[in-house]
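This is structure_20.txt (compact mmCIF, C-alpha atoms).
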```
# COMPACT_ATOMS: atom_id res chain seq x y z
CA MET A 7 0.00 0.00 0.00
CA LYS A 8 2.84 2.36 0.87
CA MET A 9 4.60 1.83 -2.48
CA SER A 10 1.35 2.30 -4.32
CA HIS A 11 0.69 5.60 -2.54
CA LEU A 12 4.26 6.80 -3.19
CA ARG A 13 3.98 5.83 -6.85
CA ASN A 14 0.76 7.87 -7.18
CA VAL A 15 2.44 10.91 -5.66
CA ILE A 16 5.45 10.61 -7.99
CA PHE A 17 3.31 10.18 -11.09
CA SER A 18 1.16 13.14 -10.08
CA LEU A 19 4.26 15.32 -9.86
CA VAL A 20 5.46 14.43 -13.36
CA PRO A 21 2.81 16.51 -15.21
CA LEU A 22 3.44 19.42 -12.82
CA LEU A 23 7.17 19.30 -13.52
CA VAL A 24 6.54 19.14 -17.26
CA VAL A 25 4.22 22.15 -17.09
CA PHE A 26 6.68 24.13 -14.97
CA SER A 27 9.54 23.27 -17.33
CA LEU A 28 7.51 24.51 -20.30
CA VAL A 29 6.61 27.71 -18.46
CA GLU A 30 10.23 28.26 -17.44
CA ALA A 31 11.49 27.63 -20.99
CA THR A 32 8.94 30.12 -22.36
CA CYS A 33 9.92 32.72 -19.77
CA ARG A 34 13.61 32.29 -20.58
CA ILE A 35 12.86 32.95 -24.24
CA LEU A 36 10.84 36.05 -23.31
CA ARG A 37 13.51 37.31 -20.93
CA ASN A 38 16.23 36.83 -23.52
CA HIS A 39 14.19 38.93 -25.93
CA ARG A 40 13.76 41.72 -23.39
CA PRO A 41 16.00 44.61 -24.46
CA PRO A 42 19.14 45.00 -22.32
CA HIS A 43 18.17 48.65 -21.71
CA TYR A 44 14.73 47.61 -20.45
CA ALA A 45 15.07 49.62 -17.23
CA ASP A 46 16.10 52.77 -19.13
CA VAL A 47 13.87 52.48 -22.18
CA ASN A 48 11.83 55.53 -21.07
CA ARG A 49 14.92 57.67 -21.70
CA LEU A 50 14.52 57.08 -25.44
CA SER A 51 11.82 59.75 -25.46
CA LEU A 52 13.49 62.28 -23.14
CA LEU A 53 14.35 65.55 -24.89
CA ALA A 54 17.66 65.75 -23.02
CA TYR A 55 18.73 62.70 -25.02
CA THR A 56 16.77 62.94 -28.26
CA SER A 57 18.08 66.49 -28.89
CA LYS A 58 21.70 65.26 -28.86
CA PRO A 59 23.36 64.21 -32.15
CA TRP A 60 25.56 61.70 -30.33
CA PHE A 61 22.67 59.86 -28.67
CA SER A 62 21.39 56.57 -30.07
CA GLU A 63 19.69 53.41 -28.88
CA PRO A 64 22.96 51.43 -29.20
CA PHE A 65 24.53 53.93 -26.78
CA LEU A 66 21.66 53.48 -24.32
CA ILE A 67 22.14 49.71 -24.52
CA ALA A 68 25.87 50.07 -23.81
CA SER A 69 25.11 52.45 -20.95
CA SER A 70 22.60 50.04 -19.40
CA MET A 71 25.06 47.14 -19.64
CA GLN A 72 27.55 49.14 -17.55
CA ARG A 73 25.37 48.64 -14.48
CA LYS A 74 26.16 44.91 -14.53
CA GLY A 75 29.91 45.35 -14.26
CA TRP A 76 30.95 46.15 -10.69
CA TYR A 77 32.99 44.37 -8.03
CA THR A 78 34.21 44.95 -4.47
CA PRO A 79 37.82 44.18 -3.47
CA SER A 80 38.02 41.83 -0.52
CA GLY A 81 38.21 43.51 2.86
CA THR A 82 36.97 46.90 1.63
CA ARG A 83 33.73 48.83 1.19
CA LEU A 84 34.94 50.01 -2.21
CA VAL A 85 33.20 49.43 -5.51
CA PHE A 86 35.10 49.21 -8.79
CA PRO A 87 33.80 49.13 -12.36
CA THR A 88 35.05 46.15 -14.36
CA ASP A 89 37.30 46.78 -17.35
CA CYS A 90 35.63 47.30 -20.69
CA ASN A 91 36.47 48.75 -24.09
CA ASN A 92 33.84 49.70 -26.65
CA GLN A 93 33.02 52.77 -28.68
CA TYR A 94 31.30 54.46 -25.74
CA PHE A 95 32.95 53.20 -22.53
CA THR A 96 36.59 52.51 -21.75
CA VAL A 97 37.53 51.38 -18.25
CA THR A 98 41.01 50.18 -17.29
CA GLY A 99 41.98 49.16 -13.77
CA GLY A 100 38.78 50.59 -12.31
CA VAL A 101 39.35 54.01 -13.88
CA ARG A 102 37.13 55.40 -16.63
CA GLU A 103 39.06 56.91 -19.52
CA THR A 104 39.17 60.67 -19.93
CA VAL A 105 39.56 61.88 -23.49
CA GLY A 106 41.87 64.70 -24.53
CA PHE A 107 45.08 64.14 -22.57
CA THR A 108 47.96 65.10 -24.87
CA PRO A 109 51.19 65.66 -22.89
CA LYS A 110 52.94 68.95 -23.64
CA GLU A 111 56.15 67.54 -22.19
CA ASN A 112 57.24 64.43 -20.30
CA PRO A 113 54.00 62.69 -19.21
CA ASP A 114 55.62 62.05 -15.82
CA HIS A 115 55.53 65.80 -15.19
CA ALA A 116 51.78 66.06 -15.73
CA ALA A 117 49.62 67.35 -12.91
CA ARG A 118 47.45 64.40 -11.90
CA ILE A 119 43.93 65.14 -10.70
CA PHE A 120 41.83 62.48 -8.97
CA LEU A 121 38.05 62.76 -9.30
CA LEU A 122 36.19 60.87 -6.58
CA GLY A 123 32.41 60.62 -6.63
CA GLY A 124 29.42 58.48 -7.50
CA SER A 125 27.59 57.82 -10.73
CA THR A 126 27.40 61.55 -11.49
CA THR A 127 31.21 61.51 -11.70
CA TYR A 128 31.47 58.21 -13.54
CA CYS A 129 28.81 59.59 -15.93
CA ILE A 130 27.21 56.43 -17.27
CA GLU A 131 24.80 58.68 -19.19
CA VAL A 132 27.36 59.87 -21.77
CA PRO A 133 30.28 58.51 -23.87
CA ASP A 134 33.86 58.87 -22.60
CA ARG A 135 34.51 62.14 -24.40
CA LEU A 136 31.45 63.88 -22.87
CA THR A 137 31.89 63.11 -19.17
CA TRP A 138 32.57 66.21 -17.10
CA ALA A 139 35.97 64.65 -16.35
CA SER A 140 36.93 64.69 -20.04
CA GLN A 141 35.48 68.16 -20.57
CA LEU A 142 37.36 69.47 -17.53
CA GLN A 143 40.59 67.90 -18.76
CA PHE A 144 40.25 69.61 -22.12
CA LEU A 145 39.41 72.96 -20.50
CA LEU A 146 42.33 72.90 -18.04
CA ASN A 147 44.86 71.91 -20.70
CA GLU A 148 43.76 74.93 -22.70
CA ARG A 149 44.17 77.28 -19.73
CA ILE A 150 47.29 75.91 -18.03
CA PRO A 151 50.40 76.35 -20.25
CA THR A 152 52.53 73.90 -18.27
CA PRO A 153 52.44 71.28 -16.94
CA SER A 154 49.89 69.12 -18.76
CA VAL A 155 46.84 68.20 -16.72
CA ARG A 156 45.78 64.58 -16.57
CA ILE A 157 42.46 63.72 -14.96
CA LEU A 158 41.77 60.26 -13.53
CA ASN A 159 38.08 59.49 -13.17
CA TYR A 160 37.65 57.31 -10.08
CA GLY A 161 33.91 57.89 -9.99
CA VAL A 162 31.87 54.76 -9.29
CA THR A 163 28.13 54.20 -9.20
CA THR A 164 26.59 54.12 -5.66
CA VAL A 165 29.55 55.42 -3.63
CA ASN A 166 29.12 58.02 -0.89
CA SER A 167 31.63 60.24 0.92
CA SER A 168 32.67 57.40 3.25
CA GLN A 169 33.75 55.28 0.28
CA GLU A 170 35.37 58.25 -1.48
CA THR A 171 37.60 58.85 1.54
CA GLU A 172 38.38 55.14 1.76
CA ARG A 173 39.25 55.05 -1.96
CA LEU A 174 41.62 58.01 -1.56
CA ASP A 175 43.37 56.25 1.33
CA TYR A 176 43.43 52.99 -0.68
CA GLU A 177 45.17 54.67 -3.64
CA ILE A 178 47.65 56.62 -1.51
CA ARG A 179 48.62 53.46 0.37
CA LYS A 180 49.53 51.95 -3.01
CA GLY A 181 51.77 54.94 -3.70
CA ASN A 182 49.30 56.39 -6.18
CA ILE A 183 49.44 60.01 -4.99
CA PRO A 184 47.78 62.76 -7.05
CA THR A 185 48.59 66.45 -7.41
CA VAL A 186 44.98 67.43 -6.78
CA CYS A 187 42.05 65.48 -5.32
CA ILE A 188 38.44 66.47 -6.04
CA LEU A 189 35.35 65.12 -4.28
CA PHE A 190 32.02 65.73 -6.03
CA ASN A 191 29.26 64.41 -3.82
CA GLY A 192 26.24 64.84 -1.57
CA VAL A 193 23.40 63.01 -3.34
CA ASN A 194 24.43 59.46 -2.42
CA ASP A 195 24.99 60.52 1.19
CA VAL A 196 21.34 61.62 1.28
CA TYR A 197 20.14 58.43 -0.39
CA GLN A 198 22.10 56.20 1.96
CA GLY A 199 21.83 58.19 5.15
CA VAL A 200 18.26 59.47 5.02
CA MET A 201 16.30 57.53 2.43
CA TYR A 202 17.79 54.15 3.40
CA ASN A 203 17.97 55.01 7.12
CA ASN A 204 21.64 54.09 7.50
CA PRO A 205 24.08 57.03 7.54
CA GLU A 206 26.96 54.77 8.57
CA GLY A 207 26.39 52.30 5.70
CA THR A 208 26.94 52.23 1.96
CA LEU A 209 24.50 52.10 -0.92
CA PHE A 210 26.19 49.01 -2.32
CA ASP A 211 25.54 47.04 0.88
CA THR A 212 22.00 48.38 1.06
CA ALA A 213 21.23 47.31 -2.49
CA VAL A 214 22.58 43.83 -1.84
CA ARG A 215 20.56 43.45 1.34
CA LYS A 216 17.31 44.85 -0.03
CA GLU A 217 16.41 41.35 -1.21
CA ASN A 218 16.86 38.10 0.67
CA SER A 219 19.95 36.38 -0.78
CA PHE A 220 17.99 33.17 -1.53
CA PHE A 221 15.27 35.10 -3.37
CA ARG A 222 17.91 37.14 -5.19
CA ARG A 223 19.48 33.91 -6.49
CA LEU A 224 16.05 32.68 -7.55
CA ARG A 225 15.40 35.89 -9.45
CA ARG A 226 18.75 35.60 -11.20
CA ASN A 227 18.35 31.94 -12.13
CA VAL A 228 14.60 31.39 -12.50
CA ALA A 229 13.20 33.36 -15.41
CA PHE A 230 9.57 32.82 -14.33
CA ILE A 231 10.17 34.56 -10.98
CA ASP A 232 12.17 37.35 -12.59
CA LEU A 233 9.52 38.12 -15.21
CA THR A 234 6.67 37.79 -12.72
CA THR A 235 8.32 40.19 -10.26
CA THR A 236 9.03 42.66 -13.06
CA ALA A 237 5.48 42.40 -14.40
CA LEU A 238 4.01 43.03 -10.94
CA HIS A 239 6.26 46.06 -10.48
CA ASP A 240 5.25 47.47 -13.88
CA PHE A 241 1.59 46.79 -13.15
CA ASN A 242 1.82 48.58 -9.81
CA LYS A 243 3.42 51.63 -11.47
CA LYS A 244 0.66 51.65 -14.10
CA ILE A 245 -2.06 51.53 -11.43
CA GLU A 246 -0.36 54.39 -9.57
CA SER A 247 -0.32 56.46 -12.75
CA TYR A 248 -4.10 56.05 -13.04
CA PHE A 249 -4.73 56.71 -9.36
CA PRO A 250 -2.04 59.17 -8.19
CA LYS A 251 -3.89 59.87 -4.96
CA ASN A 252 -3.35 56.27 -3.92
CA LYS A 253 0.45 56.53 -4.07
CA LYS A 254 2.15 55.57 -0.83
CA LYS A 255 3.18 58.53 1.26
CA ILE A 256 5.51 58.58 4.22
CA PRO A 257 3.46 59.43 7.31
CA GLU A 258 4.01 62.81 8.93
CA ARG A 259 4.97 61.07 12.16
CA GLU A 260 8.25 60.08 10.48
CA ALA A 261 9.33 63.70 10.06
CA GLN A 262 11.30 63.66 13.31
CA GLU A 263 13.09 60.48 12.29
CA ILE A 264 13.98 62.01 8.92
CA GLU A 265 15.33 65.10 10.66
CA ALA A 266 17.46 62.97 13.00
CA LEU A 267 18.83 60.92 10.08
CA ALA A 268 19.62 64.11 8.17
CA LYS A 269 21.64 65.45 11.13
CA ARG A 270 23.59 62.19 11.45
CA THR A 271 24.19 62.11 7.70
CA ALA A 272 25.52 65.67 7.71
CA ALA A 273 27.80 64.95 10.68
CA ILE A 274 29.26 61.87 8.95
CA TYR A 275 29.63 63.83 5.71
CA GLU A 276 31.63 66.53 7.53
CA ARG A 277 33.77 63.90 9.24
CA ASN A 278 34.57 62.24 5.90
CA ILE A 279 35.48 65.54 4.24
CA ARG A 280 37.79 66.42 7.11
CA ALA A 281 39.46 63.00 6.93
CA ALA A 282 40.00 63.32 3.17
CA HIS A 283 41.35 66.86 3.60
CA GLU A 284 43.77 65.79 6.34
CA LEU A 285 44.96 62.85 4.24
CA CYS A 286 45.66 65.19 1.32
CA GLU A 287 47.48 67.70 3.53
CA LYS A 288 49.69 64.92 4.90
CA HIS A 289 50.80 63.97 1.38
CA GLY A 290 51.03 67.44 -0.17
CA VAL A 291 47.88 67.04 -2.28
CA SER A 292 45.66 70.02 -3.07
CA PHE A 293 42.14 69.14 -1.90
CA PHE A 294 38.75 70.35 -3.18
CA VAL A 295 35.20 69.24 -2.41
CA PHE A 296 32.10 70.30 -4.31
CA LEU A 297 28.54 69.74 -3.07
CA GLN A 298 26.80 68.59 -6.24
CA PRO A 299 23.64 70.03 -7.81
CA ASN A 300 20.44 68.07 -8.35
CA LEU A 301 16.81 68.61 -9.30
CA PHE A 302 15.87 69.28 -5.66
CA SER A 303 18.57 71.91 -5.11
CA LEU A 304 17.41 74.27 -7.86
CA ARG A 305 16.64 77.70 -6.42
CA ARG A 306 14.12 78.58 -9.13
CA PRO A 307 10.83 77.08 -10.37
CA LEU A 308 11.20 73.93 -12.44
CA THR A 309 10.90 74.26 -16.21
CA PRO A 310 8.14 72.27 -17.95
CA TYR A 311 10.75 69.70 -19.00
CA GLU A 312 12.14 69.42 -15.45
CA LYS A 313 8.59 68.91 -14.14
CA GLU A 314 8.18 66.09 -16.66
CA VAL A 315 11.37 64.42 -15.42
CA PHE A 316 10.31 65.02 -11.81
CA ASP A 317 7.00 63.25 -12.42
CA ARG A 318 8.41 60.46 -14.58
CA THR A 319 11.04 59.48 -12.03
CA GLU A 320 8.69 59.73 -9.02
CA ALA A 321 11.02 62.31 -7.51
CA GLU A 322 8.33 63.53 -5.14
CA LYS A 323 9.03 60.43 -3.03
CA LYS A 324 12.59 61.68 -2.45
CA GLN A 325 11.84 65.38 -2.04
CA MET A 326 11.45 65.34 1.73
CA PHE A 327 14.79 63.55 2.20
CA PHE A 328 16.66 66.22 0.25
CA ASP A 329 14.67 69.03 1.83
CA ALA A 330 15.81 67.77 5.24
CA ALA A 331 19.44 66.93 4.44
CA TYR A 332 20.75 69.28 1.78
CA PRO A 333 20.51 72.50 3.82
CA LEU A 334 22.58 70.73 6.50
CA LEU A 335 25.19 69.61 3.96
CA LYS A 336 25.37 73.17 2.61
CA ALA A 337 25.93 74.43 6.17
CA LYS A 338 28.77 71.92 6.65
CA ILE A 339 30.40 73.09 3.41
CA LYS A 340 30.24 76.68 4.67
CA ILE A 341 31.83 75.74 8.01
CA LEU A 342 34.64 73.85 6.25
CA GLN A 343 35.25 76.77 3.90
CA GLN A 344 35.51 79.18 6.84
CA GLU A 345 38.16 76.90 8.31
CA GLY A 346 40.30 77.09 5.17
CA VAL A 347 39.18 73.91 3.40
CA ASN A 348 38.58 74.30 -0.35
CA ALA A 349 34.89 73.45 0.03
CA TYR A 350 32.30 74.78 -2.44
CA ASP A 351 28.52 74.69 -2.54
CA PHE A 352 27.73 73.87 -6.19
CA SER A 353 24.12 72.92 -5.48
CA GLY A 354 22.89 75.93 -7.45
CA ILE A 355 25.12 75.85 -10.54
CA PHE A 356 22.20 74.74 -12.73
CA ASP A 357 20.01 77.67 -11.68
CA GLU A 358 20.77 79.74 -14.79
CA ASN A 359 20.31 76.82 -17.16
CA THR A 360 16.89 76.18 -18.70
CA LYS A 361 17.96 73.69 -21.36
CA PRO A 362 16.78 70.08 -20.89
CA ILE A 363 19.77 68.46 -19.17
CA PHE A 364 18.25 66.22 -16.48
CA LEU A 365 17.63 62.51 -17.07
CA ASP A 366 16.35 61.93 -13.54
CA ASP A 367 16.67 63.76 -10.24
CA CYS A 368 20.48 64.04 -10.32
CA HIS A 369 21.98 62.62 -13.55
CA VAL A 370 22.56 64.91 -16.51
CA GLU A 371 23.69 64.63 -20.13
CA SER A 372 26.58 66.28 -21.98
CA ASP A 373 25.46 69.91 -21.62
CA GLY A 374 24.95 69.43 -17.88
CA ASN A 375 28.44 67.95 -17.65
CA ALA A 376 29.80 70.99 -19.52
CA ILE A 377 28.31 73.27 -16.84
CA ILE A 378 29.93 71.19 -14.09
CA ALA A 379 33.30 71.17 -15.88
CA ALA A 380 33.21 74.94 -16.43
CA ALA A 381 32.29 75.66 -12.80
CA ILE A 382 35.02 73.40 -11.39
CA GLY A 383 37.48 74.66 -13.99
CA ASN A 384 36.91 78.24 -12.84
CA VAL A 385 37.91 77.20 -9.31
CA LEU A 386 40.88 75.03 -10.31
CA THR A 387 42.46 77.30 -12.92
CA PRO A 388 43.85 79.95 -10.54
CA ALA A 389 44.82 77.28 -8.01
CA LEU A 390 46.84 75.35 -10.59
CA GLN A 391 48.35 78.52 -12.07
CA ASP A 392 49.55 79.53 -8.60
CA ARG A 393 50.94 76.09 -7.86
CA PHE A 394 52.84 75.66 -11.11
CA ALA A 395 53.95 79.17 -12.04
CA PRO A 396 56.71 79.64 -12.92
CA TYR A 397 57.17 76.03 -14.04
CA ASP A 398 60.49 74.94 -15.56
CA VAL A 399 59.86 71.71 -17.44
CA ALA A 400 63.52 71.22 -18.30
CA THR A 401 64.79 71.34 -14.74
CA ASP A 402 61.51 70.75 -12.88
CA LYS A 403 62.65 73.25 -10.22
CA SER A 404 59.40 74.77 -9.03
CA GLY A 405 56.94 71.94 -8.90
CA SER A 406 56.18 68.44 -10.02
CA ALA A 407 53.16 66.21 -10.45
CA GLN A 408 54.03 64.27 -7.39
```
Give the structure from the file, written as structure tokens.
Amino acid sequence: MKMSHLRNVIFSLVPLLVVFSLVEATCRILRNHRPPHYADVNRLSLLAYTSKPWFSEPFLIASSMQRKGWYTPSGTRLVFPTDCNNQYFTVTGGVRETVGFTPKENPDHAARIFLLGGSTTYCIEVPDRLTWASQLQFLLNERIPTPSVRILNYGVTTVNSSQETERLDYEIRKGNIPTVCILFNGVNDVYQGVMYNNPEGTLFDTAVRKENSFFRRLRRNVAFIDLTTTALHDFNKKIESYFPKNKKKIPEREAQEIEALAKRTAAIYERNIRAAHELCEKHGVSFFVFLQPNLFSLRRPLTPYEKEVFDRTEAEKKQMFFDAAYPLLKAKIKILQQEGVNAYDFSGIFDENTKPIFLDDCHVESDGNAIIAAAIGNVLTPALQDRFAPYDVATDKSGSAQ
């Protein structure tokens, strides 16, 4: 009787396994036909992109694929982009290529500038030649007669000021010491510290922990679960678009918690900036930090295009976090500046611009990067001219890149 019962159970499972296998095979076919830029496909209709002669769907595909190539060295909280080389993105040794470096003399004499920041420094939204790092490199080499200026883009998606300071220490410990170090940050500190309720953590760790590891493996390996989860998410967004009043709102009772998180985030931000500044002073590196602009930091009414981006990207869900934290970050920048640190509040550098540059609440395209490069270039030019003038390339008497 027992064998007969067991046999019935086994035979009843066979059709179920066959059906599931067919469903899984169908879902794998559907998933493989989903465009690689699926998550960014809405950008194909954004004026900030469609108005640019360099933009194309192949570029958007290459840009989307970049998000899959990141790794963390053992024993660190650092995140590195994996090496790649195509017509849009070139990454070697965790550093994104900057276009336009043509040495005017011995390359070893070039002033080396480190850029440390998140995705807005890495600039996944544009090709190599249109990052603000490349545009800044071109601008400085036009303005500074000697030495040549070489910019190294150490920007990495998700990093905050804690990781930027750790990366600077990591590079210096390897003997990789720059002439100038620039931090361009603020947004990821707000995301991590206030929105994700963990000022002491990192966005990379938060993203990994947002899903249970077992379920994450299922999503990666089981197409049915992946497509079902995606479909439910898309369906929920569609329902919200029809019934905007039903969108989830953070209760007012959480305002005090948000305020407390914002204060902790600002304190940690200040601590990180001080640590990076002290590290640079110890090694004779000129240090600069720039509080970055974003859609929430504009000090003027949004343009119709910016309102469209604001609504498309559900930025209203993040507004209260930035409203609470950014004034505190701006205050910290002011305090640091009064103490002699080269700290600059760049949160308003897009105020005069009305062209469509935003792709979401903080990422911009090539024209936005040009504004950033020009603003930073205006600060760096006199500093570099003072440091390297007069500069004798032949004897290298007055200054060197190291």
Considering only C-alpha atoms, state which residue in the set A:Ser140, A:Asn359, A:Ser168, A:Ser292 is at the smallest distance from Leu209 (chain A).
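Checking each candidate against Leu209 (chain A), we get A:Ser168 as the closest.
Counting all atoms listed in the file and comparing A:Tyr176, A:Phe302, A:Trp60, A:Phe107, the residue that lies closest to Leu146 (chain A) is A:Phe107.
Each of A:Ile178, A:Leu53, A:Leu136, A:Ile355 was compared to Arg306 (chain A) using only C-alpha atoms, and A:Ile355 turns out to be the nearest.
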Using only C-alpha atoms, find the one residue out of A:Ala54, A:Ile183, A:Ala116, A:Ile67 that sits nearest to Gly290 (chain A).
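Once distances to Gly290 (chain A) are computed over only C-alpha atoms, the minimum belongs to A:Ile183.
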Counting all atoms listed in the file, the option among A:Leu50, A:Val186, A:Val370, A:Ile279 closest to Val295 (chain A):
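Closest candidate: A:Ile279.
Comparing the minimum interatomic distances between Asp357 (chain A) and each of A:Arg270, A:Arg305, A:Lys180, A:Lys324, counting only C-alpha atoms, we find that A:Arg305 sits nearest.
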Calculate how many Å separate CA of Val105 (chain A) from CA of Leu297 (chain A), rounding to one decimal.
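CA of Val105 (chain A) sits 24.5 Å away from CA of Leu297 (chain A).
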For CA of Lys338 (chain A) and CA of Glu276 (chain A), determine how far apart the two atoms are, in Å to one decimal place.
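Answer for the CA of Lys338 (chain A) to CA of Glu276 (chain A) separation: 6.2 Å.
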Which residues are close to region 326-332 of chain A, i.e. within 12 Å by only C-alpha atoms, leaving aside same-chain residues fewer than 4 positions away? Reply as a VMD selection string.
chain A and resid 191 to 203 205 255 to 258 260 to 275 297 to 304 321 to 322 336 to 339 351 to 354 367 to 368
Quick one: distance from CA of Leu189 (chain A) to CA of Gly123 (chain A) in Å, one decimal?
5.9 Å
Spatial neighbours of Thr208 (chain A), max dist 8 Å, all atoms listed in the file, sep filter under 4 positions, as an mmCIF file with C-alpha atoms, in the coordinates of the input:
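The resulting file, selection_20.cif, is reproduced below:
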```
data_model
loop_
_atom_site.group_PDB
_atom_site.id
_atom_site.type_symbol
_atom_site.label_atom_id
_atom_site.label_comp_id
_atom_site.auth_asym_id
_atom_site.auth_seq_id
_atom_site.Cartn_x
_atom_site.Cartn_y
_atom_site.Cartn_z
ATOM 1 C CA ARG A 83 33.730 48.830 1.190
ATOM 2 C CA THR A 164 26.590 54.120 -5.660
ATOM 3 C CA VAL A 165 29.550 55.420 -3.630
ATOM 4 C CA ASN A 166 29.120 58.020 -0.890
ATOM 5 C CA SER A 168 32.670 57.400 3.250
ATOM 6 C CA GLN A 169 33.750 55.280 0.280
ATOM 7 C CA GLN A 198 22.100 56.200 1.960
ATOM 8 C CA ASN A 204 21.640 54.090 7.500
ATOM 9 C CA THR A 212 22.000 48.380 1.060
#
```
Residues near Leu142 (chain A), cut-off 7 Å, only C-alpha atoms, skip fewer than 6 positions along chain, as a PyMOL selection string:
chain A and resi 379-380+383
With a distance cut-off of 12 Å and only C-alpha atoms, select the neighbouring residues of Thr319 (chain A), excluding the residue or stretch itself and same-chain residues fewer than 2 positions from it, and output the selection as a ChimeraX atom specification.
/A:45-46,48-49,52,243,247,301,312-317,321-325,364-369
Same residues, C-alpha atoms, output as an mmCIF file, keeping the file's coordinate frame:
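The resulting out08.cif:
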```cif
data_model
loop_
_atom_site.group_PDB
_atom_site.id
_atom_site.type_symbol
_atom_site.label_atom_id
_atom_site.label_comp_id
_atom_site.auth_asym_id
_atom_site.auth_seq_id
_atom_site.Cartn_x
_atom_site.Cartn_y
_atom_site.Cartn_z
ATOM 1 C CA ALA A 45 15.070 49.620 -17.230
ATOM 2 C CA ASP A 46 16.100 52.770 -19.130
ATOM 3 C CA ASN A 48 11.830 55.530 -21.070
ATOM 4 C CA ARG A 49 14.920 57.670 -21.700
ATOM 5 C CA LEU A 52 13.490 62.280 -23.140
ATOM 6 C CA LYS A 243 3.420 51.630 -11.470
ATOM 7 C CA SER A 247 -0.320 56.460 -12.750
ATOM 8 C CA LEU A 301 16.810 68.610 -9.300
ATOM 9 C CA GLU A 312 12.140 69.420 -15.450
ATOM 10 C CA LYS A 313 8.590 68.910 -14.140
ATOM 11 C CA GLU A 314 8.180 66.090 -16.660
ATOM 12 C CA VAL A 315 11.370 64.420 -15.420
ATOM 13 C CA PHE A 316 10.310 65.020 -11.810
ATOM 14 C CA ASP A 317 7.000 63.250 -12.420
ATOM 15 C CA ALA A 321 11.020 62.310 -7.510
ATOM 16 C CA GLU A 322 8.330 63.530 -5.140
ATOM 17 C CA LYS A 323 9.030 60.430 -3.030
ATOM 18 C CA LYS A 324 12.590 61.680 -2.450
ATOM 19 C CA GLN A 325 11.840 65.380 -2.040
ATOM 20 C CA PHE A 364 18.250 66.220 -16.480
ATOM 21 C CA LEU A 365 17.630 62.510 -17.070
ATOM 22 C CA ASP A 366 16.350 61.930 -13.540
ATOM 23 C CA ASP A 367 16.670 63.760 -10.240
ATOM 24 C CA CYS A 368 20.480 64.040 -10.320
ATOM 25 C CA HIS A 369 21.980 62.620 -13.550
#
```
